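In what follows, a single structure is set out as structure tokens and then discussed.
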Amino acid sequence: MPKINIDSSYGVIIIQDMNAVHVDERYAQIYGYNSAKELLTSIDSFLDLLPAENHQIATQNYHDIVNGTLYPRGHTFVNIDRNGREFTVFSVDHLIEWQGRPALQVTVIDLSVLVEANKRIREKDLMYKRLITRSGQGIMVHREFKPLMVNQACVKHLHADSIEQVMSLSSLLTLIPKTVQQQAKQHYQDIVNGVAVGSNSVVENICFDGINRFFNIYDNLIEWDGEPAVQVVMEDVTEKVQLEKELAFKASHDGLTHLLNRSAVQEWLQKHIEISDQLTCVLLDIDNFKLVNDTHGHHNGDLVIQALAEIIRDAFADHSGAVGRWGGEEFIAFLPSANQQAALQTAEVIRSRFAERHFNDSTHSFSVSVSIGLAESSDCCMMNDVESLIKLTDKRLYIAKSQGKNTICSEG
């Protein structure tokens, strides 16, 4: 037998007349044998190394190559070794001469490790795909606000009909209120340029059903198809935001009238008085309110307070400033940059509308009046002394009361 130099990293078998006439040690190991000699003495035909379903194809392949009707080629197939291990090999067929006659040399590479690695990669890809597609958090990838990928949770959060509907958007900016679109564009650039890394924020989006909702989003720079893109993980926090707004509203507003409470008015003054050069104060007090409670009951007294609060709110709606319940049946308003004449006109509207309002208890119809005091910061010696302004306004309210009530005082 001629000496054959074979690369031991590959398995080689030589077939002649469908019999194995030579194998190397590596080939024997691939097929589960301890040595080449053991393999050759254990089989009667090359076909013994192949599954029965491959015998016809292998036989036809051998004859076609030996007869020159088929050009030698490489192919991949699954095999089972003598121990029942399933493995995948890549084989390359070569037509050679063996002892003066045509033979087929088959060089094989065991691809089991590669196949197993690819299987694990596919399993990981599938795991990550499931993680993304089945995640309760909305996940989206976009480049310059053009969606590249969205999962079903994202579709649900945005109240869209399908993934395709979201993907068909030419720009996600259509979901962002116009007032903050420029801010969103800058935020995108900051992420792409590495200025904002792993940032998260609460944003307001216009959903596909036309309702505005709030989302906590986490932005990250990723690579998508070889180019930078932004991955967004989103969760609907609308209920949380609304609850926080409700709690903040309750903390700063009077429960009965929904006007600012006293502490919220004082907080507004602390922020505003630093920049204000002119401030008008209006104090309003329901006349004979104790008598209202005693005669018509506290429930009707509350209705009277709510009615005046509604009139005050409507009257001062066009004025910037702070309007609140100062305590009990007393209300206060601070109007920045309002001239006295405009404030007087508004006060008169409040006085007259409230006087015309009629209330009913179980047996009687009754009406109530309000007295109003008004002062400007320029009336005080120290324009930025809020306490002096309030005291002066309170003094003028007292004058209005002493002049018969249901009146306005802006002097004295």
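Chain labels follow the order of the structure tokens: the first chain is A, the next B, and so on; residue numbering restarts at 1 in every chain, and ligands are counted from 1 in their shown order.
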Proximity of range 72-142 of chain A to range 14-31 of chain A: per-residue shortest pair, 12 Å limit, only C-alpha atoms, as a Markdown table:
```
| residue | atom | partner | partner_atom | distance |
| --- | --- | --- | --- | --- |
| A:Val78 | CA | A:Tyr31 | CA | 11.9 |
| A:Asn79 | CA | A:Tyr31 | CA | 8.8 |
| A:Ile80 | CA | A:Tyr31 | CA | 7.6 |
| A:Asp81 | CA | A:Tyr31 | CA | 4.6 |
| A:Arg82 | CA | A:Tyr31 | CA | 6.4 |
| A:Asn83 | CA | A:Tyr31 | CA | 8.5 |
| A:Gly84 | CA | A:Tyr31 | CA | 9.8 |
| A:Arg85 | CA | A:Tyr31 | CA | 8.9 |
| A:Glu86 | CA | A:Tyr31 | CA | 9.9 |
| A:Phe87 | CA | A:Ile30 | CA | 8.9 |
| A:Thr88 | CA | A:Ile30 | CA | 10.1 |
| A:Val89 | CA | A:Ile30 | CA | 9.2 |
| A:Phe90 | CA | A:Ile30 | CA | 11.9 |
| A:Ser91 | CA | A:Tyr27 | CA | 11.3 |
| A:Val92 | CA | A:Ile14 | CA | 11.7 |
| A:Asp93 | CA | A:Ile14 | CA | 9.7 |
| A:His94 | CA | A:Ile14 | CA | 9.3 |
| A:Leu95 | CA | A:Ile14 | CA | 9.7 |
| A:Ile96 | CA | A:Ile14 | CA | 8.8 |
| A:Glu97 | CA | A:Gln16 | CA | 9.5 |
| A:Trp98 | CA | A:Gln16 | CA | 7.9 |
| A:Gln99 | CA | A:Gln16 | CA | 10.0 |
| A:Gly100 | CA | A:Gln16 | CA | 11.2 |
| A:Arg101 | CA | A:Gln16 | CA | 8.3 |
| A:Pro102 | CA | A:Gln16 | CA | 7.2 |
| A:Ala103 | CA | A:Gln16 | CA | 4.8 |
| A:Leu104 | CA | A:Ile15 | CA | 5.1 |
| A:Gln105 | CA | A:Ile14 | CA | 4.4 |
| A:Val106 | CA | A:Ile14 | CA | 6.2 |
| A:Thr107 | CA | A:Tyr27 | CA | 8.5 |
| A:Val108 | CA | A:Tyr27 | CA | 7.5 |
| A:Ile109 | CA | A:Ile30 | CA | 8.6 |
| A:Asp110 | CA | A:Ile30 | CA | 6.8 |
| A:Leu111 | CA | A:Ile30 | CA | 10.2 |
| A:Ser112 | CA | A:Ile30 | CA | 10.0 |
```
Practice prompt. Once DSSP has gone over the backbone, tell me which residues of range 252-392 of chain A are in helix (DSSP H, G or I), as a ChimeraX atom specification.
Written response: /A:252,262-272,289-296,298-315,340-356,377-379,386-392
Discussion item. If we count only C-alpha atoms and set the cut-off at 12 Å, which residues sit around Cys380 in chain A, ignoring sequence neighbours fewer than 4 positions away in its own chain? Please answer as number ranges by chain.
Written reply: A: 278-281, 375-376, 384-393, 411-412
For the residues selected in the previous step, produce a file with C-alpha atoms as a tab-separated table (two decimals), in the first residue's frame.
```tsv
chain	number	residue	atom	x	y	z
A	278	GLN	CA	-46.03	96.18	41.65
A	279	LEU	CA	-48.63	94.03	43.35
A	280	THR	CA	-52.35	94.47	44.00
A	281	CYS	CA	-53.96	92.68	46.93
A	375	ALA	CA	-54.72	97.91	48.04
A	376	GLU	CA	-51.66	98.31	45.82
A	384	ASN	CA	-41.96	94.78	48.60
A	385	ASP	CA	-43.28	94.45	52.18
A	386	VAL	CA	-46.06	91.90	51.66
A	387	GLU	CA	-47.11	91.93	55.28
A	388	SER	CA	-47.68	95.70	55.14
A	389	LEU	CA	-49.70	95.26	51.95
A	390	ILE	CA	-51.88	92.57	53.51
A	391	LYS	CA	-52.43	94.68	56.64
A	392	LEU	CA	-53.42	97.69	54.56
A	393	THR	CA	-55.83	95.58	52.49
A	411	GLU	CA	-58.79	103.94	50.11
A	412	GLY	CA	-58.10	104.82	53.73
```
Item to complete: Name the residues in contact with range 224-227 of chain A at a cut-off of 12 Å, using only C-alpha atoms, excluding same-chain residues fewer than 3 positions from it; report them as an MDAnalysis selection string.
Response: chainID A and resid 140:144 147:149 192 220:221 230:231
Got time to write the residues from that selection, N, CA and C atoms, as a tab-separated table (two decimals), in the first residue's frame?
```tsv
chain	number	residue	atom	x	y	z
A	140	MET	N	-38.46	49.85	21.91
A	140	MET	CA	-38.45	50.43	20.57
A	140	MET	C	-37.03	50.82	20.20
A	141	VAL	N	-36.69	50.69	18.93
A	141	VAL	CA	-35.41	51.18	18.41
A	141	VAL	C	-35.74	52.16	17.28
A	142	HIS	N	-35.11	53.32	17.34
A	142	HIS	CA	-35.35	54.29	16.26
A	142	HIS	C	-34.05	55.02	15.91
A	143	ARG	N	-34.02	55.53	14.72
A	143	ARG	CA	-32.90	56.35	14.27
A	143	ARG	C	-33.47	57.65	13.72
A	144	GLU	N	-33.11	58.74	14.39
A	144	GLU	CA	-33.65	60.06	14.03
A	144	GLU	C	-35.18	60.01	13.99
A	147	PRO	N	-38.92	54.70	13.36
A	147	PRO	CA	-38.90	53.41	14.07
A	147	PRO	C	-38.25	52.31	13.24
A	148	LEU	N	-37.36	51.56	13.89
A	148	LEU	CA	-36.69	50.44	13.25
A	148	LEU	C	-37.17	49.10	13.81
A	149	MET	N	-37.65	49.13	15.06
A	149	MET	CA	-38.16	47.92	15.72
A	149	MET	C	-39.05	48.33	16.88
A	192	VAL	N	-26.93	60.38	21.04
A	192	VAL	CA	-26.07	59.95	19.93
A	192	VAL	C	-24.65	60.46	20.11
A	220	ASN	N	-30.90	54.51	25.40
A	220	ASN	CA	-29.52	54.02	25.29
A	220	ASN	C	-29.08	54.05	23.84
A	221	LEU	N	-27.82	54.37	23.65
A	221	LEU	CA	-27.23	54.35	22.31
A	221	LEU	C	-26.82	52.92	21.98
A	230	VAL	N	-31.03	54.60	18.67
A	230	VAL	CA	-31.41	54.75	20.08
A	230	VAL	C	-32.44	53.70	20.44
A	231	GLN	N	-32.14	52.96	21.51
A	231	GLN	CA	-33.10	52.00	22.05
A	231	GLN	C	-33.87	52.66	23.18
```
Discussion item. If DSSP is run on the backbone, what residues of range 148-365 of chain A are strand (DSSP E)? A reply as a ChimeraX atom specification would be ideal.
Written reply: /A:148-150,200-206,212-224,227-236,279-286,322-327,330-336,358-360,365
Discussion item. When you count only C-alpha atoms, which of these residues is closest to Leu291 in chain A: A:Phe215, A:Phe77, A:Phe366, A:Tyr62?
Written reply: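 Residue with the minimum atom-to-atom distance to Leu291 in chain A: A:Phe366.
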